[in-house]
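A.B. asks: Below is query-v5.csv; it holds CSV, C-alpha atoms.
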```
chain,number,residue,atom,x,y,z
A,2,MET,CA,101.5,122.5,74.9
A,3,ALA,CA,99.2,120.9,72.4
A,4,ARG,CA,96.1,119.3,73.8
A,5,GLN,CA,96.4,116.2,71.5
A,6,LYS,CA,99.3,115.1,73.6
A,7,TYR,CA,97.4,114.9,76.9
A,8,HIS,CA,96.2,111.4,76.2
A,9,GLU,CA,99.8,110.3,76.2
A,10,LEU,CA,100.2,111.7,79.7
A,11,PHE,CA,97.5,109.7,81.5
A,12,SER,CA,97.5,106.5,79.5
A,13,GLY,CA,93.7,106.6,79.1
A,14,ILE,CA,92.9,107.9,82.5
A,15,ILE,CA,89.8,110.1,82.3
A,16,CYS,CA,90.0,113.4,84.3
A,17,ASN,CA,87.1,115.2,85.8
A,18,LYS,CA,86.8,119.0,85.3
A,19,ASP,CA,88.8,119.9,88.4
A,20,GLN,CA,91.6,117.6,87.4
A,21,GLU,CA,91.6,119.0,83.9
A,22,LYS,CA,92.0,122.5,85.3
A,23,PHE,CA,94.9,121.3,87.3
A,24,ARG,CA,96.5,119.5,84.4
A,25,ASP,CA,96.0,122.4,82.0
A,26,ALA,CA,97.4,124.9,84.5
A,27,VAL,CA,100.6,122.8,84.9
A,28,MET,CA,101.0,122.4,81.1
A,29,ASP,CA,100.5,126.1,80.4
A,30,ASP,CA,103.8,127.8,79.6
A,31,ASN,CA,102.5,131.0,81.2
A,32,ASN,CA,102.3,129.4,84.6
A,33,ASN,CA,105.4,128.6,86.7
A,34,PHE,CA,103.8,128.3,90.1
A,35,ILE,CA,100.8,126.0,90.5
A,36,LEU,CA,99.3,125.2,93.8
A,37,VAL,CA,96.5,122.6,94.3
A,38,ASP,CA,94.5,122.2,97.5
A,39,ALA,CA,93.2,118.6,97.2
A,40,VAL,CA,91.6,116.0,99.3
A,41,SER,CA,93.3,112.7,99.9
A,42,GLY,CA,92.8,110.3,97.0
A,43,SER,CA,92.0,113.0,94.4
A,44,GLY,CA,94.8,112.1,92.0
A,45,LYS,CA,96.9,115.1,92.8
A,46,THR,CA,100.2,113.2,92.8
A,47,LEU,CA,99.3,111.2,89.7
A,48,ILE,CA,98.5,114.3,87.7
A,49,ALA,CA,101.5,116.3,88.9
A,50,VAL,CA,103.9,113.4,88.1
A,51,ALA,CA,102.3,112.7,84.7
A,52,CYS,CA,102.6,116.3,83.7
A,53,ALA,CA,106.2,116.4,84.9
A,54,LYS,CA,107.0,113.4,82.7
A,55,GLN,CA,105.6,115.1,79.7
A,56,LEU,CA,107.4,118.4,80.4
A,57,VAL,CA,110.8,116.5,80.7
A,58,ALA,CA,110.1,114.3,77.7
A,59,ASN,CA,109.4,117.3,75.5
A,60,ASN,CA,112.5,119.2,76.8
A,61,HIS,CA,110.5,121.9,78.5
A,62,CYS,CA,112.5,121.1,81.7
A,63,GLN,CA,115.7,119.1,82.3
A,64,SER,CA,114.2,116.8,85.0
A,65,CYS,CA,111.8,116.7,87.9
A,66,VAL,CA,112.6,117.2,91.6
A,67,PHE,CA,110.1,115.7,94.0
A,68,VAL,CA,110.5,117.1,97.5
A,69,VAL,CA,108.8,115.7,100.6
A,70,PRO,CA,108.5,116.9,104.2
A,71,THR,CA,109.8,114.7,107.0
A,72,THR,CA,108.2,114.8,110.4
A,73,SER,CA,111.6,115.0,112.2
A,74,GLU,CA,114.8,116.2,110.6
A,75,GLN,CA,116.8,114.8,113.5
A,76,GLU,CA,115.3,111.3,113.2
A,77,LEU,CA,115.8,111.3,109.4
A,78,GLY,CA,119.4,112.3,109.8
A,79,PHE,CA,120.1,109.5,112.3
A,80,ARG,CA,118.3,106.7,110.4
A,81,PRO,CA,120.8,104.1,109.0
A,82,GLY,CA,121.6,103.9,105.3
A,83,ASP,CA,122.1,106.3,102.5
A,84,THR,CA,119.6,109.0,101.5
A,85,SER,CA,117.5,106.7,99.4
A,86,GLN,CA,117.2,104.2,102.3
A,87,LYS,CA,116.3,107.0,104.7
A,88,LEU,CA,113.5,108.2,102.4
A,89,ALA,CA,112.2,104.8,101.3
A,90,ASP,CA,109.2,104.9,103.7
A,91,TYR,CA,108.0,108.2,102.2
A,92,MET,CA,108.2,107.1,98.6
A,93,VAL,CA,105.1,104.8,98.3
A,94,PRO,CA,102.6,107.4,96.9
A,95,LEU,CA,105.2,108.5,94.3
A,96,ARG,CA,106.0,104.9,93.2
A,97,GLN,CA,102.2,104.2,92.9
A,98,ALA,CA,101.7,107.2,90.7
A,99,LEU,CA,104.6,106.3,88.5
A,100,MET,CA,103.3,102.8,88.0
A,101,LYS,CA,100.0,104.2,86.9
A,102,ILE,CA,101.6,106.2,84.1
A,103,GLY,CA,103.6,103.2,82.9
A,104,GLU,CA,106.9,103.9,84.5
A,105,GLU,CA,109.1,101.5,86.5
A,106,PRO,CA,110.0,103.5,89.6
A,107,ASP,CA,113.4,102.0,90.2
A,108,LYS,CA,114.4,102.8,86.6
A,109,VAL,CA,113.4,106.5,86.7
A,110,ILE,CA,114.0,107.6,90.4
A,111,THR,CA,117.3,108.8,91.7
A,112,ASN,CA,118.2,110.8,94.8
A,113,SER,CA,121.3,112.3,93.2
A,114,LEU,CA,121.4,115.2,90.8
A,115,GLU,CA,124.7,114.0,89.6
A,116,GLU,CA,123.3,110.6,88.6
A,117,ASN,CA,120.4,112.4,86.9
A,118,LEU,CA,122.8,114.3,84.7
A,119,LYS,CA,124.7,111.1,83.8
A,120,ASN,CA,121.7,108.9,83.3
A,121,SER,CA,119.0,110.3,81.0
A,122,ASN,CA,116.5,107.5,81.9
A,123,LYS,CA,116.5,108.7,85.6
A,124,TRP,CA,114.4,111.8,85.1
A,125,LEU,CA,113.0,112.1,88.6
A,126,ILE,CA,115.0,113.2,91.6
A,127,TYR,CA,113.4,112.3,95.0
A,128,ASP,CA,114.6,114.2,98.1
A,129,SER,CA,113.7,115.6,101.5
A,130,HIS,CA,113.9,119.3,102.2
A,131,VAL,CA,116.5,118.3,104.9
A,132,PHE,CA,119.2,117.9,102.2
A,133,LEU,CA,118.6,121.0,100.1
A,134,ARG,CA,121.0,123.5,101.6
A,135,GLY,CA,123.1,124.9,98.8
A,136,VAL,CA,121.1,123.3,96.0
A,137,ASN,CA,119.8,125.3,92.9
A,138,PHE,CA,116.8,124.3,90.8
A,139,GLU,CA,117.3,125.6,87.3
A,140,ASN,CA,115.1,124.5,84.4
A,141,GLN,CA,113.4,121.9,86.6
A,142,VAL,CA,109.9,120.7,87.4
A,143,VAL,CA,109.8,121.0,91.2
A,144,ILE,CA,107.0,119.1,92.9
A,145,ILE,CA,106.5,119.9,96.6
A,146,ASP,CA,104.4,117.2,98.1
A,147,GLU,CA,102.3,117.3,101.3
A,148,ALA,CA,103.0,121.1,101.4
A,149,GLN,CA,100.6,121.5,104.3
A,150,ASN,CA,103.2,119.8,106.5
A,151,PHE,CA,105.9,122.3,105.8
A,152,THR,CA,106.6,125.3,108.0
A,153,ILE,CA,107.3,128.8,106.5
A,154,PRO,CA,111.1,128.5,106.8
A,155,GLN,CA,111.1,125.1,105.2
A,156,ILE,CA,108.9,126.1,102.2
A,157,LYS,CA,111.0,129.2,101.7
A,158,LYS,CA,114.2,127.1,101.7
A,159,ILE,CA,112.8,125.1,98.8
A,160,ILE,CA,111.1,127.7,96.7
A,161,SER,CA,113.9,130.3,97.1
A,162,ARG,CA,116.2,127.8,95.3
A,163,CYS,CA,114.0,127.8,92.1
A,164,TYR,CA,115.0,129.9,89.1
A,165,ASP,CA,112.3,131.5,86.9
A,166,SER,CA,113.1,128.8,84.3
A,167,SER,CA,111.6,126.1,86.6
A,168,LYS,CA,108.0,125.2,87.1
A,169,VAL,CA,106.9,124.8,90.7
A,170,ILE,CA,104.0,122.5,91.6
A,171,VAL,CA,102.8,122.6,95.2
A,172,ILE,CA,100.4,119.8,96.2
A,173,GLY,CA,98.8,119.7,99.6
A,174,SER,CA,95.6,119.4,101.6
A,175,SER,CA,94.1,121.9,104.0
A,176,ASP,CA,92.3,118.9,105.7
A,177,GLN,CA,95.4,116.7,106.2
A,178,ILE,CA,97.7,118.9,108.3
A,179,ASP,CA,99.9,116.6,110.5
A,180,ILE,CA,101.9,119.3,112.3
A,181,ASP,CA,100.8,122.2,114.5
A,182,PRO,CA,98.2,124.0,112.3
A,183,ASN,CA,99.6,127.3,113.5
A,184,LYS,CA,103.0,126.3,112.1
A,185,SER,CA,101.7,125.1,108.7
A,186,CYS,CA,102.7,127.3,105.7
A,187,PHE,CA,99.9,126.3,103.5
A,188,ALA,CA,97.2,129.0,104.1
A,189,ARG,CA,99.9,131.7,104.3
A,190,LEU,CA,101.5,130.5,101.1
A,191,MET,CA,98.2,130.6,99.2
A,192,ASN,CA,97.5,134.2,100.4
A,193,HIS,CA,101.1,135.3,99.7
A,194,MET,CA,101.2,134.0,96.1
A,195,GLU,CA,97.9,135.6,95.0
A,196,VAL,CA,99.6,138.7,93.6
A,197,PHE,CA,102.4,136.7,91.8
A,198,PRO,CA,102.2,136.6,88.0
A,199,GLY,CA,102.2,133.0,86.8
A,200,TYR,CA,100.5,131.7,89.9
A,201,VAL,CA,97.4,129.5,89.6
A,202,LYS,CA,95.5,127.9,92.4
A,203,CYS,CA,93.4,124.7,91.8
A,204,GLU,CA,91.2,122.5,93.9
A,205,LEU,CA,90.5,118.8,93.8
A,206,PRO,CA,87.5,118.1,96.1
A,207,ILE,CA,86.6,114.6,95.0
A,208,SER,CA,88.3,111.5,96.5
A,209,TYR,CA,88.3,108.4,94.3
A,210,ARG,CA,88.8,106.2,97.3
A,211,GLY,CA,85.0,106.4,97.8
A,212,LYS,CA,82.3,107.8,100.1
A,213,LEU,CA,84.1,106.7,103.3
A,214,ALA,CA,87.3,108.6,102.6
A,215,MET,CA,85.4,111.7,101.6
A,216,HIS,CA,83.2,111.5,104.7
A,217,ILE,CA,86.1,111.1,107.2
A,218,ASP,CA,87.9,114.0,105.6
A,219,LYS,CA,85.2,116.3,106.8
A,220,LEU,CA,85.7,115.2,110.5
```
Could you write out this structure as structure tokens?
C.D. replies:
Amino acid sequence: MARQKYHELFSGIICNKDQEKFRDAVMDDNNNFILVDAVSGSGKTLIAVACAKQLVANNHCQSCVFVVPTTSEQELGFRPGDTSQKLADYMVPLRQALMKIGEEPDKVITNSLEENLKNSNKWLIYDSHVFLRGVNFENQVVIIDEAQNFTIPQIKKIISRCYDSSKVIVIGSSDQIDIDPNKSCFARLMNHMEVFPGYVKCELPISYRGKLAMHIDKL
């Protein structure tokens, strides 16, 4: 995709070299699986969502699917309300990223593929891996957030539903694993994907939250 359009993506936000590499990898038509290992506060969600917006706007993909892990499938299933209400607590980082690129979250987010097909303004489908049985992702941008907190069976359930026409963006952090590290898929996924054509690994080592956040990440 033409470089001159990048300024439209980030609304004047200036990227450092590592962020540029991540952005360029996502926007390259030759890449359909991009993984970023990034510290907290590095802008990984912002860049992923901004690129997804541009890919959808230019008809490279039909829409974006944003998938999150949930710490307990059982607890999520038993929580009151519909799917959007169950997932509301997990949506804050995504909503913040959307606002930074000039989007009103409530106008662009849906948790229903059917609603997405009917309403062209709702280009981003937000869901948990819990509800993905039987779903297919064709011609989609699929963003897998907090990937370090998925197990191997969970990450396989998501990625195995993606057609080659989709672009998969995996964002996570090796330093922010909230489950048993021996069960995390993240390191194994990176090693497994090394031989796959169209795979690019990026790193975002700088936290824009400041020195305190960067220091505590090394604990």
A.B. asks: Considering all atoms listed in the file, can you say which of A:Asn112, A:Val40, A:Asn140, A:Val171 comes closest to Ile217 (chain A)?
C.D. replies: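 When distances to Ile217 (chain A) are compared using all atoms listed in the file, the smallest one comes from A:Val40.
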A.B. asks: Have a look at CA of Asp146 (chain A) and CA of Thr111 (chain A) and let me know their distance in Å, one decimal.
C.D. replies: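 Between CA of Asp146 (chain A) and CA of Thr111 (chain A) the gap is 16.7 Å.
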A.B. asks: Fewer than 3 positions away in the same chain doesn't count, so skip those; otherwise give me all residues within 8 Å of Ser166 (chain A), counting all atoms listed in the file, as a PyMOL selection string.
C.D. replies: chain A and resi 139-141+163
A.B. asks: With only C-alpha atoms counted, which protein, DNA or RNA residues have an atom no more than 12 Å from (98.2, 102.6, 87.4) in the file frame? Please answer as a ChimeraX atom specification.
C.D. replies: /A:11-14,44,47-48,51,94-105
A.B. asks: I'd like to know which of A:Ala214, A:Ile156, A:Ala39, A:Ile126 is closest to Phe67 (chain A), using all atoms listed in the file.
C.D. replies: A:Ile126
